[in-house]
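Dropping upload25.txt in here (compact mmCIF, N, CA and C atoms):
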```txt
# COMPACT_ATOMS: atom_id res chain seq x y z
N MET A 1 -37.53 -114.82 -67.90
CA MET A 1 -38.21 -115.54 -66.84
C MET A 1 -37.70 -116.97 -66.81
N PRO A 2 -37.64 -117.58 -65.64
CA PRO A 2 -37.16 -118.96 -65.55
C PRO A 2 -38.20 -119.97 -66.00
N ASP A 3 -39.45 -119.53 -66.16
CA ASP A 3 -40.52 -120.44 -66.55
C ASP A 3 -40.40 -120.82 -68.02
N SER A 4 -40.85 -122.02 -68.35
CA SER A 4 -40.82 -122.45 -69.75
C SER A 4 -41.84 -121.64 -70.55
N ALA A 5 -41.66 -121.63 -71.87
CA ALA A 5 -42.53 -120.86 -72.75
C ALA A 5 -44.00 -121.28 -72.60
N ARG A 6 -44.21 -122.50 -72.20
CA ARG A 6 -45.58 -123.00 -71.96
C ARG A 6 -46.31 -122.12 -70.95
N PHE A 7 -45.56 -121.51 -70.03
CA PHE A 7 -46.17 -120.67 -69.00
C PHE A 7 -46.00 -119.18 -69.28
N THR A 8 -44.93 -118.80 -69.98
CA THR A 8 -44.73 -117.38 -70.26
C THR A 8 -45.67 -116.87 -71.34
N ALA A 9 -45.98 -117.70 -72.34
CA ALA A 9 -46.85 -117.27 -73.44
C ALA A 9 -48.23 -116.83 -72.94
N PRO A 10 -48.90 -117.61 -72.09
CA PRO A 10 -50.20 -117.15 -71.57
C PRO A 10 -50.07 -115.88 -70.73
N TYR A 11 -48.96 -115.73 -70.02
CA TYR A 11 -48.72 -114.53 -69.21
C TYR A 11 -48.67 -113.29 -70.11
N VAL A 12 -47.93 -113.41 -71.22
CA VAL A 12 -47.81 -112.31 -72.17
C VAL A 12 -49.18 -111.96 -72.74
N GLU A 13 -49.92 -112.99 -73.13
CA GLU A 13 -51.24 -112.77 -73.73
C GLU A 13 -52.23 -112.15 -72.74
N THR A 14 -52.29 -112.69 -71.53
CA THR A 14 -53.21 -112.19 -70.50
C THR A 14 -52.94 -110.74 -70.16
N ASN A 15 -51.66 -110.38 -70.08
CA ASN A 15 -51.28 -109.03 -69.70
C ASN A 15 -51.06 -108.09 -70.88
N LYS A 16 -51.30 -108.61 -72.08
CA LYS A 16 -51.20 -107.81 -73.32
C LYS A 16 -49.86 -107.06 -73.39
N LEU A 17 -48.79 -107.79 -73.11
CA LEU A 17 -47.47 -107.17 -73.13
C LEU A 17 -47.05 -106.86 -74.56
N PRO A 18 -46.55 -105.65 -74.81
CA PRO A 18 -46.16 -105.27 -76.18
C PRO A 18 -44.71 -105.64 -76.51
N PHE A 19 -44.13 -106.53 -75.74
CA PHE A 19 -42.75 -106.92 -75.96
C PHE A 19 -42.61 -108.42 -75.70
N PRO A 20 -41.59 -109.04 -76.25
CA PRO A 20 -41.40 -110.48 -76.03
C PRO A 20 -40.90 -110.77 -74.61
N VAL A 21 -41.30 -111.89 -74.07
CA VAL A 21 -40.79 -112.36 -72.79
C VAL A 21 -40.01 -113.64 -73.09
N LEU A 22 -38.76 -113.65 -72.70
CA LEU A 22 -37.89 -114.78 -72.99
C LEU A 22 -37.85 -115.76 -71.84
N SER A 23 -37.73 -117.04 -72.16
CA SER A 23 -37.59 -118.09 -71.16
C SER A 23 -36.11 -118.41 -71.00
N ASP A 24 -35.64 -118.38 -69.77
CA ASP A 24 -34.25 -118.72 -69.46
C ASP A 24 -34.23 -120.16 -68.97
N ILE A 25 -34.31 -121.09 -69.91
CA ILE A 25 -34.39 -122.51 -69.57
C ILE A 25 -33.14 -122.92 -68.79
N ASP A 26 -33.37 -123.59 -67.69
CA ASP A 26 -32.30 -124.05 -66.79
C ASP A 26 -31.44 -122.90 -66.26
N LEU A 27 -31.94 -121.67 -66.37
CA LEU A 27 -31.26 -120.49 -65.84
C LEU A 27 -29.85 -120.31 -66.40
N GLY A 28 -29.63 -120.79 -67.61
CA GLY A 28 -28.31 -120.70 -68.22
C GLY A 28 -27.82 -119.27 -68.37
N TYR A 29 -28.70 -118.38 -68.85
CA TYR A 29 -28.28 -116.99 -69.03
C TYR A 29 -28.07 -116.31 -67.67
N SER A 30 -29.00 -116.54 -66.76
CA SER A 30 -28.86 -115.95 -65.41
C SER A 30 -27.57 -116.42 -64.75
N LEU A 31 -27.25 -117.69 -64.93
CA LEU A 31 -26.02 -118.24 -64.37
C LEU A 31 -24.80 -117.55 -64.98
N SER A 32 -24.84 -117.29 -66.29
CA SER A 32 -23.69 -116.64 -66.94
C SER A 32 -23.48 -115.23 -66.40
N LEU A 33 -24.54 -114.61 -65.87
CA LEU A 33 -24.43 -113.27 -65.28
C LEU A 33 -24.19 -113.31 -63.78
N GLY A 34 -24.19 -114.52 -63.19
CA GLY A 34 -24.03 -114.65 -61.74
C GLY A 34 -25.26 -114.22 -60.98
N LEU A 35 -26.43 -114.39 -61.60
CA LEU A 35 -27.67 -113.90 -61.00
C LEU A 35 -28.63 -115.03 -60.62
N ILE A 36 -28.12 -116.06 -59.97
CA ILE A 36 -29.00 -117.11 -59.46
C ILE A 36 -28.65 -117.39 -58.01
N PHE A 37 -29.61 -117.98 -57.31
CA PHE A 37 -29.35 -118.41 -55.94
C PHE A 37 -30.05 -119.73 -55.67
N TRP A 38 -29.48 -120.50 -54.78
CA TRP A 38 -30.01 -121.80 -54.40
C TRP A 38 -31.05 -121.60 -53.31
N ILE A 39 -32.20 -122.23 -53.43
CA ILE A 39 -33.23 -122.05 -52.41
C ILE A 39 -33.26 -123.18 -51.39
N GLY A 40 -32.79 -124.35 -51.73
CA GLY A 40 -32.73 -125.45 -50.78
C GLY A 40 -34.08 -126.09 -50.52
N ALA A 41 -34.02 -127.22 -49.85
CA ALA A 41 -35.21 -128.05 -49.63
C ALA A 41 -36.27 -127.35 -48.78
N GLU A 42 -35.86 -126.63 -47.75
CA GLU A 42 -36.84 -125.99 -46.86
C GLU A 42 -37.65 -124.91 -47.59
N ILE A 43 -36.98 -124.08 -48.34
CA ILE A 43 -37.68 -123.02 -49.08
C ILE A 43 -38.51 -123.63 -50.20
N GLN A 44 -37.98 -124.66 -50.86
CA GLN A 44 -38.74 -125.33 -51.90
C GLN A 44 -40.03 -125.91 -51.33
N LYS A 45 -39.96 -126.43 -50.13
CA LYS A 45 -41.15 -126.97 -49.45
C LYS A 45 -42.17 -125.85 -49.22
N LEU A 46 -41.71 -124.67 -48.84
CA LEU A 46 -42.62 -123.53 -48.64
C LEU A 46 -43.30 -123.15 -49.94
N TYR A 47 -42.55 -123.15 -51.04
CA TYR A 47 -43.15 -122.87 -52.35
C TYR A 47 -44.24 -123.90 -52.65
N THR A 48 -43.93 -125.18 -52.41
CA THR A 48 -44.90 -126.25 -52.67
C THR A 48 -46.14 -126.06 -51.82
N GLN A 49 -45.95 -125.74 -50.54
CA GLN A 49 -47.10 -125.51 -49.65
C GLN A 49 -47.94 -124.33 -50.10
N ALA A 50 -47.31 -123.36 -50.74
CA ALA A 50 -48.03 -122.19 -51.24
C ALA A 50 -48.67 -122.46 -52.61
N GLY A 51 -48.49 -123.68 -53.12
CA GLY A 51 -49.10 -124.05 -54.39
C GLY A 51 -48.27 -123.70 -55.61
N VAL A 52 -46.99 -123.41 -55.40
CA VAL A 52 -46.10 -123.07 -56.52
C VAL A 52 -45.18 -124.27 -56.75
N ASP A 53 -45.39 -124.94 -57.87
CA ASP A 53 -44.60 -126.12 -58.22
C ASP A 53 -43.47 -125.69 -59.16
N LEU A 54 -42.34 -125.33 -58.57
CA LEU A 54 -41.21 -124.83 -59.37
C LEU A 54 -40.76 -125.84 -60.41
N GLU A 55 -40.79 -127.12 -60.07
CA GLU A 55 -40.36 -128.15 -61.01
C GLU A 55 -41.25 -128.13 -62.26
N LYS A 56 -42.54 -127.93 -62.08
CA LYS A 56 -43.47 -127.87 -63.21
C LYS A 56 -43.20 -126.63 -64.06
N TYR A 57 -43.05 -125.47 -63.43
CA TYR A 57 -42.86 -124.23 -64.17
C TYR A 57 -41.50 -124.16 -64.86
N HIS A 58 -40.46 -124.65 -64.18
CA HIS A 58 -39.11 -124.55 -64.72
C HIS A 58 -38.72 -125.74 -65.59
N GLY A 59 -39.45 -126.84 -65.45
CA GLY A 59 -39.15 -128.01 -66.26
C GLY A 59 -37.93 -128.78 -65.80
N ASN A 60 -37.52 -128.61 -64.55
CA ASN A 60 -36.39 -129.36 -64.01
C ASN A 60 -36.53 -129.47 -62.49
N GLN A 61 -35.64 -130.23 -61.87
CA GLN A 61 -35.70 -130.45 -60.43
C GLN A 61 -34.71 -129.59 -59.66
N ALA A 62 -34.11 -128.63 -60.30
CA ALA A 62 -33.12 -127.78 -59.63
C ALA A 62 -33.80 -126.90 -58.59
N CYS A 63 -33.05 -126.50 -57.62
CA CYS A 63 -33.56 -125.64 -56.54
C CYS A 63 -32.93 -124.26 -56.64
N PHE A 64 -32.98 -123.68 -57.84
CA PHE A 64 -32.40 -122.37 -58.06
C PHE A 64 -33.45 -121.40 -58.58
N LEU A 65 -33.28 -120.15 -58.23
CA LEU A 65 -34.13 -119.07 -58.75
C LEU A 65 -33.23 -117.94 -59.21
N PRO A 66 -33.71 -117.14 -60.14
CA PRO A 66 -32.92 -115.99 -60.56
C PRO A 66 -33.05 -114.85 -59.56
N VAL A 67 -32.01 -114.06 -59.45
CA VAL A 67 -32.06 -112.83 -58.66
C VAL A 67 -32.92 -111.85 -59.45
N ALA A 68 -33.74 -111.09 -58.75
CA ALA A 68 -34.58 -110.09 -59.42
C ALA A 68 -33.68 -109.04 -60.06
N ALA A 69 -33.80 -108.89 -61.37
CA ALA A 69 -32.97 -107.94 -62.10
C ALA A 69 -33.79 -107.32 -63.22
N LYS A 70 -33.61 -106.04 -63.38
CA LYS A 70 -34.26 -105.31 -64.46
C LYS A 70 -33.19 -104.61 -65.26
N PHE A 71 -33.28 -104.71 -66.59
CA PHE A 71 -32.31 -104.10 -67.47
C PHE A 71 -33.04 -103.29 -68.54
N ILE A 72 -32.54 -102.12 -68.83
CA ILE A 72 -33.01 -101.34 -69.97
C ILE A 72 -31.87 -101.38 -70.97
N VAL A 73 -32.17 -101.95 -72.13
CA VAL A 73 -31.16 -102.18 -73.14
C VAL A 73 -31.43 -101.29 -74.35
N GLY A 74 -30.41 -100.61 -74.78
CA GLY A 74 -30.53 -99.75 -75.96
C GLY A 74 -30.55 -100.56 -77.24
N ARG A 75 -30.90 -99.92 -78.32
CA ARG A 75 -30.92 -100.60 -79.62
C ARG A 75 -29.54 -101.10 -80.02
N ASP A 76 -28.50 -100.54 -79.40
CA ASP A 76 -27.13 -100.98 -79.68
C ASP A 76 -26.75 -102.23 -78.89
N GLY A 77 -27.70 -102.73 -78.06
CA GLY A 77 -27.45 -103.94 -77.29
C GLY A 77 -26.76 -103.71 -75.97
N LEU A 78 -26.45 -102.46 -75.64
CA LEU A 78 -25.77 -102.15 -74.38
C LEU A 78 -26.79 -101.82 -73.29
N VAL A 79 -26.47 -102.24 -72.07
CA VAL A 79 -27.33 -101.95 -70.93
C VAL A 79 -27.20 -100.47 -70.58
N LYS A 80 -28.31 -99.78 -70.56
CA LYS A 80 -28.33 -98.34 -70.28
C LYS A 80 -28.71 -98.05 -68.83
N ALA A 81 -29.46 -98.94 -68.23
CA ALA A 81 -29.83 -98.80 -66.81
C ALA A 81 -30.13 -100.20 -66.28
N ARG A 82 -29.92 -100.38 -64.98
CA ARG A 82 -30.17 -101.69 -64.40
C ARG A 82 -30.49 -101.57 -62.92
N GLN A 83 -31.14 -102.59 -62.43
CA GLN A 83 -31.36 -102.72 -60.99
C GLN A 83 -31.30 -104.21 -60.69
N VAL A 84 -30.40 -104.60 -59.81
CA VAL A 84 -30.25 -105.98 -59.40
C VAL A 84 -30.35 -106.00 -57.88
N ASN A 85 -31.24 -106.86 -57.38
CA ASN A 85 -31.47 -106.87 -55.94
C ASN A 85 -32.00 -108.23 -55.54
N ILE A 86 -31.36 -108.85 -54.57
CA ILE A 86 -31.83 -110.15 -54.07
C ILE A 86 -33.22 -110.01 -53.44
N GLU A 87 -33.56 -108.82 -52.99
CA GLU A 87 -34.88 -108.55 -52.42
C GLU A 87 -35.84 -108.23 -53.56
N PHE A 88 -36.57 -109.26 -54.02
CA PHE A 88 -37.40 -109.12 -55.21
C PHE A 88 -38.55 -108.14 -55.04
N ARG A 89 -38.91 -107.80 -53.83
CA ARG A 89 -40.02 -106.86 -53.62
C ARG A 89 -39.61 -105.41 -53.82
N GLU A 90 -38.32 -105.16 -53.87
CA GLU A 90 -37.83 -103.81 -54.13
C GLU A 90 -37.68 -103.65 -55.63
N ARG A 91 -38.41 -102.73 -56.18
CA ARG A 91 -38.46 -102.55 -57.62
C ARG A 91 -37.67 -101.33 -58.06
N MET A 92 -37.32 -101.31 -59.31
CA MET A 92 -36.67 -100.14 -59.90
C MET A 92 -37.70 -99.01 -59.89
N GLU A 93 -37.28 -97.86 -59.44
CA GLU A 93 -38.20 -96.73 -59.33
C GLU A 93 -38.72 -96.34 -60.71
N PRO A 94 -40.02 -96.13 -60.83
CA PRO A 94 -40.59 -95.72 -62.12
C PRO A 94 -39.90 -94.48 -62.69
N ALA A 95 -39.53 -93.53 -61.85
CA ALA A 95 -38.86 -92.32 -62.33
C ALA A 95 -37.52 -92.67 -62.98
N ALA A 96 -36.82 -93.64 -62.43
CA ALA A 96 -35.53 -94.07 -63.00
C ALA A 96 -35.74 -94.75 -64.35
N ILE A 97 -36.79 -95.55 -64.45
CA ILE A 97 -37.10 -96.21 -65.72
C ILE A 97 -37.44 -95.17 -66.78
N ILE A 98 -38.30 -94.24 -66.43
CA ILE A 98 -38.72 -93.20 -67.37
C ILE A 98 -37.52 -92.35 -67.80
N ALA A 99 -36.66 -91.98 -66.86
CA ALA A 99 -35.48 -91.18 -67.19
C ALA A 99 -34.56 -91.94 -68.15
N ALA A 100 -34.37 -93.23 -67.90
CA ALA A 100 -33.51 -94.03 -68.79
C ALA A 100 -34.12 -94.12 -70.19
N LEU A 101 -35.42 -94.33 -70.26
CA LEU A 101 -36.09 -94.42 -71.56
C LEU A 101 -36.05 -93.08 -72.30
N GLN A 102 -36.25 -91.99 -71.56
CA GLN A 102 -36.17 -90.68 -72.18
C GLN A 102 -34.76 -90.40 -72.69
N GLY A 103 -33.77 -90.87 -71.95
CA GLY A 103 -32.39 -90.73 -72.39
C GLY A 103 -32.13 -91.47 -73.69
N LEU A 104 -32.74 -92.64 -73.83
CA LEU A 104 -32.60 -93.39 -75.08
C LEU A 104 -33.29 -92.68 -76.24
N ARG A 105 -34.44 -92.11 -75.97
CA ARG A 105 -35.20 -91.41 -77.00
C ARG A 105 -34.44 -90.17 -77.49
N ALA A 106 -33.76 -89.49 -76.56
CA ALA A 106 -33.04 -88.25 -76.89
C ALA A 106 -31.84 -88.53 -77.80
N ARG A 107 -31.32 -89.74 -77.75
CA ARG A 107 -30.14 -90.08 -78.55
C ARG A 107 -30.52 -90.30 -79.94
```
Render the structure in this file as structure tokens.
Amino acid sequence: MPDSARFTAPYVETNKLPFPVLSDIDLGYSLSLGLIFWIGAEIQKLYTQAGVDLEKYHGNQACFLPVAAKFIVGRDGLVKARQVNIEFRERMEPAAIIAALQGLRAR
């Protein structure tokens, strides 16, 4: 997540997530994968009007967000399944996630 740990920790606790959530400070990791986009002043203004202060959550004044991406990583550190889509509302199908996880279990 692009948010600082100050914001991700309560998210993990509230949602009782059984896995760690990592903070990608300054989107360094996302940038290394080519998975960021510039939102510009107009879109940033819309976020502000909607009550989302990106500068507060991200801890910087940059106008970048990560591309929505989901990765299933095996214990060997290799990506076994992925979904990358600029349209963040389109999610990886649950059946695809389950199939990838079952494939890992079978190995």
* To do: Name all residues at most 8 Å from region 72-74 of chain A (count only N, CA and C atoms; drop same-chain ones fewer than 3 positions away) and give them as a PyMOL selection string.
  => chain A and resi 69+77-83+97+100-101+104
* **DSSP strand (DSSP E or B) residues within chain A, listed as number ranges by chain** => A: 36-38, 64-66, 68-73, 79-85
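For the choices A:Gly51, A:Pro18, A:Ser32, A:Leu65, the atom-to-atom distance to Pro2 (chain A) is smallest for A:Leu65 when using only N, CA and C atoms.
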Expected axis-aligned box over every listed atom of region 11-16 of chain A, 3 Å added per side, centre plus edges in Å to one decimal, as AutoDock Vina command-line options:
```
--center_x -50.5 --center_y -111.4 --center_z -71.5 --size_x 11.4 --size_y 14.7 --size_z 10.5
```
* Asked: So, counting only C-alpha atoms, which residue among A:Asp26, A:Ile36, A:Ala95, A:Arg89 is closest to Gln61 (chain A)?
  ->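 Closest residue, counting only C-alpha atoms: A:Asp26.
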* **Contacts of Gly34 (chain A) within 8 Å, only N, CA and C atoms, excl. fewer than 4 positions in-chain, as number ranges by chain** => A: 28-30, 66-67
* Determine the nearest neighbour of Ala5 (chain A) from the options A:Arg75, A:Arg91, A:Lys56, A:Arg105, counting only C-alpha atoms. => A:Lys56
